[in-house]
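Undergrad: One structure, pasted below without further comment.
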Amino acid sequence: MSLLEVRDLSVTFTRSGSEPVHAVDGVSFDVAAGQSVGIVGESGSGKSVTSLAVMGLLPSRGVRVGGTVMLDGNELTDMDQRALRDVRGRDVAMIFQDPMTSLNPVVTIGRQLTEVLIRHAGLAKGAAKAEAEQLLRRVGIPDPVRRLGEYPHQLSGGMRQRVMIAIAIACRPKLLIADEPTTALDVTIQAQILDLLRTLVAESGCGMIMITHDLGVVAGLCDDVHVMYSGRIVESAGTKDLFARPSHPYTDGLLQSIPRIDDEDPDAVLHTIPGSARDTVAWERGCAFQPRCSRAVAECLAGPPAMAELGTPLVPHPVRCLRPVGDDVVLHEGNVAR
Amino acid sequence: MLRFIVRRLALLVPILLGLSVLLFAWVRALPGGPAYALLGERATPEAIAAIESQLGLDRPLWEQYLQFLGRAVRLDFGASIQTGQPVTEEMLRRFPATIELALAALLIAVAVGIPLGYLAARRYGTWIDNLAVTGSLLGVTIPIFFLAYMLKYVFAVELGWLPTAGRADPRARADHPTGFYVLDGIVTGNLDASWDAIQHLILPALALSSIPLAVIVRITRASVLNVVNEDYVRTAEAKGLLPGTITRRHVLKNAMLPVTTVIGLQLGVLLAGAVLTEKVFAFSGVGQFMADGLVQRDFPTIQGFILVIAIVYVVINMIVDLVYGLLDPRVRVS
Ligand SMILES: Nc1ncnc2c1ncn2[C@@H]1O[C@H](COP(=O)(O)OP(=O)(O)OP(=O)(O)O)[C@@H](O)[C@H]1O
Ligand code: SF4
Ligand SMILES: [Mg+2]
């Protein structure tokens with residue numbers, strides 16, 4: 001049994017007066033202890049909503065959540081808020097995208113760190129402060145004693161994200177969810193933060209979900225990757241396998257749009273995926289990627305494409321596509337690969 | 001800190017200079033001039049001439065203005081036309097009453113307004129929220145003297161629950177060392193006098209609190225609605241903190257920032273509102289003196305009152321900014 005088992009998770013926003021939005025639709029994945037799992041996809045694909053659903057942080061009104069989320073054998077989706085509050089911050093912790101807005105501007109760093117220790121680890125104030133100092137040291141913040149008394153605006157963006165990480169790992173959670181933890185940071189700082197996360201996960205043996213729109217982040221950090229498009233997972237594979245054999249046309253497009261240092265022709269134009277995520281089709285009607293897909297055929301609009309298994313039972317590599325890349329077969333009379 | 005205070009006080013100079021020109025011009029623009037205004041319709045030309053030379057009104061305008069300014073700097077606005085006593089003395093004597101009334105009104109506005117605004121935000125879109133929003137709209141629009149009369153009529157005249165007028169029961173004996181009647185009772189060990197003063201305060205304070213209460217409800221509600229959607233509140237929830245901690249430390253502490261500013265601004269409104277409220281309840285403070293002064297064209301009093309309000313306004317706002325600096329580390333003044 002894995003540490004985290006997400007099965008058939010779906011999240012629908014039901015605003016009265018507007019069409020329901022299926023932000024997440026039938027998403028399943030596992031995270032084992034000590035494993036890092038990447039969730040990749042462009043803006044609006046449902047990555048954040050997925051992580052908020054795992055945390056039980058979606059608003060109670062106007063949202064319908066389906067499926068199950070098992071953390072270490074406990075089912076989270078039907079837990080009441082009281083019980084969930086004991087799990088959040090203790091068993092599962094989250095690092096958010098923007099360290100500028102995710103820390104309370106009028107509360108000291110020390111207080112924001114100790115409050116979670118006092119809440120879950122049952123530490124007294126003095127002990128919590130000592131522990132907070134250790135935590136800041138662990139995430140690489142120099143002069144931690146002074147920092148504890150400072151306010152977020154006195155720290156740089158990278159430092160603030162380190163504080164967020166310190167808060168997240170404070171109670172030694174079993175699962176760490178990082179939602180685009182480096183997107184808001186400078187490139188040089190990004191690498192440092194990713195290094196820190198890699199080290200912390202290796203040291204503590206916790207599981208991690210790394211949410212990003214950047215396949216480059218995944219390459220250096222994750223064991224498994226799930227690519228999301230328009231609320232569904234369209235391809236899942238081990239990281240090496242995915243990079244070696246991108247099979248969904250969307251994944252393929254993403255990979256080709258990463259600049260490569262070892263590129264033979266430095267003047268080669270970077271490939272971009274045409275169109276935007278707004279050009280989409282409801283999954284019930286067909287493949288949501290169809291309007292942007294260069295491999296699309298008529299069948300792609302005949303109902304939701306089924307998952308095709310390109311891997312083996314031991315090394316699965318499922319793809320939600322009728323015509324995966326590198327698999328050019330005639331699907332239907334007249335629809336030969338173009 | 002000291003530099004900040006000095007800078008803010010220096011701001012008073014242009015404000016007061018401007019006001020003094022306005023007030024000076026206003027008195028000269030009274031129909032028939034100040035002497036006529038003083039003596040009324042039956043004034044004889046001789047009497048008018050006598051008064052004019054007594055007030056120095058026969059001198060050139062610039063000389064009159066300099067004289068006015070010179071006196072005003074020493075807080076000397078001349079003698080009140082109502083009582084013949086120096087305006088400054090009359091106001092000093094009455095100020096404790098007005099401050100007591102304004103603070104009582106502010107206490108009501110803050111103690112009721114902040115919880116109500118918070119509740120409305122947390123129950124956004126429910127009947128509680130709608131009630132708070134409608135009620136606060138009513139509170140801002142309802143004329144204060146009308147509300148004062150209604151309260152007096154219902155609770156004092158008809159139901160007889162509370163006294164109709166004054167600051168204390170005229171039959172009771174009490175010493176007033178500070179002029180703040182509630183405090184006086186406590187200081188002199190005469191708690192009955194304090195209770196009596198409180199009873200006299202309730203209705204005028206309620207009437208006076210209507211506008212600040214309504215404003216505080218609205219600002220608190222809007223501010224809380226903003227803050228609960230902030231990322232750091234989500235962070236607090238992700239930490240599994242208890243709802244009480246989240247409310248106090250993460251929502252209210254931030255939501256109170258704009259409310260502080262508004263409370264400061266409302267103190268000025270309270271002083272202006274005191275004129276009408278004190279009049280209705282014969283609450284012998286600066287406001288009532290000013291209201292009577294308006295009727296009797298007691299222009300020295302009116303001039304003094306307006307200048308004092310301006311000073312109080314600037315000083316209060318300075319204090320608010322200092323408090324704001326304490327609450328918000330980002331703007332803390334060095
Ligand atoms: N509160 C909400 N009400 C209605 N729709 C929402 C709400 N929150 C998210 N959505 C919708 O859910 C979809 C997925 O949003 P989500 O935030 O998960 O995207 P994301 O993959 O995290 O994108 P990004 O890279 O921009 O963070 C979006 O289409 C969005 O419009
Ligand atoms: S199912 Fe069709 S449209 Fe969708 S990605 Fe595959 S080929 Fe393209
Ligand atoms: Mg997101």
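Just so we're on the same page: first chain in the structure tokens is A, next is B, and so on; residues restart at 1 for each chain, and ligands are numbered from 1 in the order they show up.
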Give the residue list for ligand 2 at 12 Å, counting only C-alpha atoms and all ligand atoms, as an MDAnalysis selection string, sorted by chain and then by residue number.
TA: chainID A and resid 229:230 233:235 246:253 280:283 285:308 319:329 331 335:338
Undergrad: Set the cut-off to 8 Å and count only C-alpha atoms: what are the residues of chain B that reach chain A? Output as a compact mmCIF listing (two decimals) with C-alpha atoms, in the first residue's frame.
TA:
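result-v6.txt, written as the output of this step:
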# COMPACT_ATOMS: atom_id res chain seq x y z
CA GLU B 230 -5.57 36.09 1.24
CA ASP B 231 -2.96 33.41 0.64
CA TYR B 232 -1.66 33.60 4.21
CA VAL B 233 -5.05 32.61 5.57
CA ARG B 234 -4.94 29.55 3.32
CA THR B 235 -1.45 28.88 4.68
CA GLU B 237 -5.52 26.56 7.26
CA ALA B 238 -2.95 24.30 5.62
CA LYS B 239 -1.10 24.28 8.95
CA GLY B 240 -4.18 22.82 10.60
CA LEU B 241 -4.45 25.71 13.06
CA LEU B 242 -7.59 25.93 15.15
CA ARG B 249 -3.95 35.99 14.56
CA HIS B 250 -4.36 35.76 10.83
CA LYS B 253 -4.99 41.27 12.98
CA ASN B 254 -4.82 42.13 9.30
CA LEU B 327 -0.03 47.25 14.20
CA ASP B 328 1.61 47.03 10.79
CA PRO B 329 5.34 46.32 10.85
CA ARG B 330 5.62 47.31 7.20
Undergrad: If the limit is 9 Å from any atom of ligand 1, counting only C-alpha atoms and all ligand atoms, which residues qualify? Return them as a short mmCIF file (atom, residue, chain, number, x, y, z; two decimals) with C-alpha atoms, in the first residue's frame.
TA:
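Output below, filename selection-v6.cif:
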data_model
loop_
_atom_site.label_atom_id
_atom_site.label_comp_id
_atom_site.auth_asym_id
_atom_site.auth_seq_id
_atom_site.Cartn_x
_atom_site.Cartn_y
_atom_site.Cartn_z
CA VAL A 11 -13.70 18.28 -8.30
CA THR A 12 -16.58 20.24 -9.77
CA PHE A 13 -17.22 23.91 -9.08
CA THR A 14 -20.94 24.55 -9.06
CA ARG A 15 -21.63 28.25 -9.11
CA PRO A 20 -20.48 23.57 -13.53
CA VAL A 21 -16.70 23.54 -14.05
CA HIS A 22 -15.05 20.10 -13.96
CA ALA A 23 -11.68 21.33 -12.72
CA VAL A 24 -10.44 17.83 -11.90
CA VAL A 40 2.83 18.73 -14.75
CA GLY A 41 0.49 20.79 -16.84
CA GLU A 42 -0.14 24.28 -18.01
CA SER A 43 -2.12 26.98 -16.25
CA GLY A 44 -5.69 25.95 -15.48
CA SER A 45 -5.13 22.23 -15.96
CA GLY A 46 -6.26 21.51 -12.39
CA LYS A 47 -2.94 20.98 -10.58
CA SER A 48 -3.66 23.31 -7.69
CA VAL A 49 -7.23 22.12 -7.31
CA THR A 50 -5.93 18.54 -7.11
CA SER A 51 -3.52 19.45 -4.32
CA LEU A 52 -6.13 21.48 -2.44
CA LEU A 58 -11.37 23.42 -1.00
CA PRO A 59 -14.23 25.69 0.08
CA GLY A 62 -20.05 25.49 -4.30
CA VAL A 63 -17.68 22.55 -4.70
CA GLN A 97 3.61 29.21 -5.03
CA ASP A 179 2.63 23.76 -5.55
CA GLU A 180 4.96 25.52 -7.99
CA ILE A 211 3.40 20.52 -8.89
CA THR A 212 4.89 22.47 -11.74
CA HIS A 213 4.38 23.54 -15.31
CA MET A 228 -2.43 16.82 -16.67
CA TYR A 229 -4.48 18.44 -19.36
CA SER A 230 -7.81 20.14 -18.82
CA GLY A 231 -8.52 18.37 -15.53
#
Undergrad: Could you go through region 48-220 of chain A and tell me which residues DSSP, when run on the backbone, assigns to strand (DSSP E or B), listing them as a VMD selection string?
TA: chain A and resid 63 to 71 74 to 75 88 92 to 95 175 to 179 207 to 212
Undergrad: I want to know what sits within 12 Å of Asp30 (chain A), based on only C-alpha atoms, with residues of the same chain fewer than 4 positions away left out; could you give that as a count of residues only?
TA: 30
Undergrad: I'd like the contact shell of region 66-74 of chain B - 12 Å cut-off, only C-alpha atoms, skipping same-chain residues fewer than 4 positions apart - returned as a PyMOL selection string.
TA: chain B and resi 13+16-25+27+55-57+59-62+78-79+86-88+300-301+303-308
Undergrad: Have a look at CA of Arg297 (chain B) and CA of Phe281 (chain B) and let me know their distance in Å, one decimal.
TA: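 About the pair CA of Arg297 (chain B) and CA of Phe281 (chain B): they are 21.2 Å apart.
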Undergrad: Give me the residues within 7 Å of Ala105 (chain B) as number ranges by chain, counting only C-alpha atoms and dropping any in the same chain fewer than 4 places off.
TA: B: 101, 109, 205-206, 208-209
Undergrad: At a cut-off of 9 Å, using only C-alpha atoms, what residues contact Gly110 (chain A)? Leave out same-chain residues fewer than 4 positions from it and give the result as a PyMOL selection string.
TA: chain A and resi 114-115+129+132-133+145+147-151
Undergrad: Pick the closest to Leu201 (chain B) from B:Glu100, B:Asp184, B:Glu41, B:Glu89: which is it, counting only C-alpha atoms?
TA: B:Glu100
Undergrad: Pick the closest to Pro181 (chain A) from A:Val139, A:Ile169, A:Met210, A:Leu196: which is it, counting only C-alpha atoms?
TA: A:Met210
Undergrad: In region 22-264 of chain B, what's helix (DSSP H, G or I) per DSSP? Answer as JSON, numbers by chain?
TA: {"B": [22, 23, 24, 25, 26, 27, 28, 33, 34, 35, 36, 37, 38, 39, 45, 46, 47, 48, 49, 50, 51, 52, 53, 54, 55, 61, 62, 63, 64, 65, 66, 67, 68, 69, 70, 71, 72, 73, 87, 88, 89, 90, 91, 92, 93, 94, 95, 96, 97, 98, 99, 100, 101, 102, 103, 104, 105, 106, 107, 108, 109, 110, 111, 112, 113, 114, 115, 116, 117, 118, 119, 120, 121, 122, 127, 128, 129, 130, 131, 132, 133, 134, 135, 136, 137, 138, 139, 140, 141, 144, 145, 146, 147, 148, 149, 150, 151, 152, 153, 154, 155, 156, 157, 158, 181, 182, 183, 184, 185, 186, 187, 191, 192, 193, 194, 195, 196, 197, 198, 199, 200, 201, 202, 203, 204, 205, 206, 207, 208, 209, 210, 211, 212, 213, 214, 215, 216, 217, 218, 219, 220, 221, 222, 223, 224, 225, 226, 227, 231, 232, 233, 234, 235, 236, 237, 238, 243, 244, 245, 246, 247, 248, 249, 250, 251, 252, 253, 254, 255, 256, 257, 258, 259, 260, 261, 262, 263, 264]}
Undergrad: Can you tell me which residues surround Ile48 (chain B) at a distance of at most 6 Å, considering only C-alpha atoms, apart from same-chain residues fewer than 3 positions away, and format the answer as a list of chain:residue names?
TA: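 Result of the neighbour search: B:Ala35, B:Pro45, B:Ile51.
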Undergrad: How about saving the chosen residues, all heavy atoms kept, as an mmCIF file, in the first residue's frame?
TA:
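File produced: selection26.cif:
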data_model
loop_
_atom_site.group_PDB
_atom_site.id
_atom_site.type_symbol
_atom_site.label_atom_id
_atom_site.label_comp_id
_atom_site.auth_asym_id
_atom_site.auth_seq_id
_atom_site.Cartn_x
_atom_site.Cartn_y
_atom_site.Cartn_z
ATOM 1 N N ALA B 35 -21.306 93.630 14.005
ATOM 2 C CA ALA B 35 -21.936 94.470 15.020
ATOM 3 C C ALA B 35 -23.458 94.351 14.919
ATOM 4 O O ALA B 35 -24.155 94.181 15.923
ATOM 5 C CB ALA B 35 -21.505 95.924 14.844
ATOM 6 N N PRO B 45 -27.818 103.168 14.969
ATOM 7 C CA PRO B 45 -26.521 103.430 14.334
ATOM 8 C C PRO B 45 -25.442 103.777 15.375
ATOM 9 O O PRO B 45 -24.297 103.354 15.236
ATOM 10 C CB PRO B 45 -26.805 104.636 13.427
ATOM 11 C CG PRO B 45 -28.272 104.600 13.189
ATOM 12 C CD PRO B 45 -28.904 103.985 14.402
ATOM 13 N N ILE B 51 -20.007 99.589 19.141
ATOM 14 C CA ILE B 51 -19.543 98.203 19.147
ATOM 15 C C ILE B 51 -18.387 98.021 18.158
ATOM 16 O O ILE B 51 -17.393 97.374 18.457
ATOM 17 C CB ILE B 51 -20.698 97.258 18.763
ATOM 18 C CG1 ILE B 51 -21.720 97.171 19.901
ATOM 19 C CG2 ILE B 51 -20.175 95.881 18.421
ATOM 20 C CD1 ILE B 51 -21.404 96.133 20.941
#
Undergrad: Tell me, in Å to one decimal, how far CA of Cys206 (chain A) is from CA of Arg64 (chain A).
TA: 29.3 Å
Undergrad: Smallest atom-to-atom distance to Ala174 (chain B): which of B:Ser136, B:Gln85, B:Thr245, B:Ser194, using only C-alpha atoms?
TA: B:Ser194
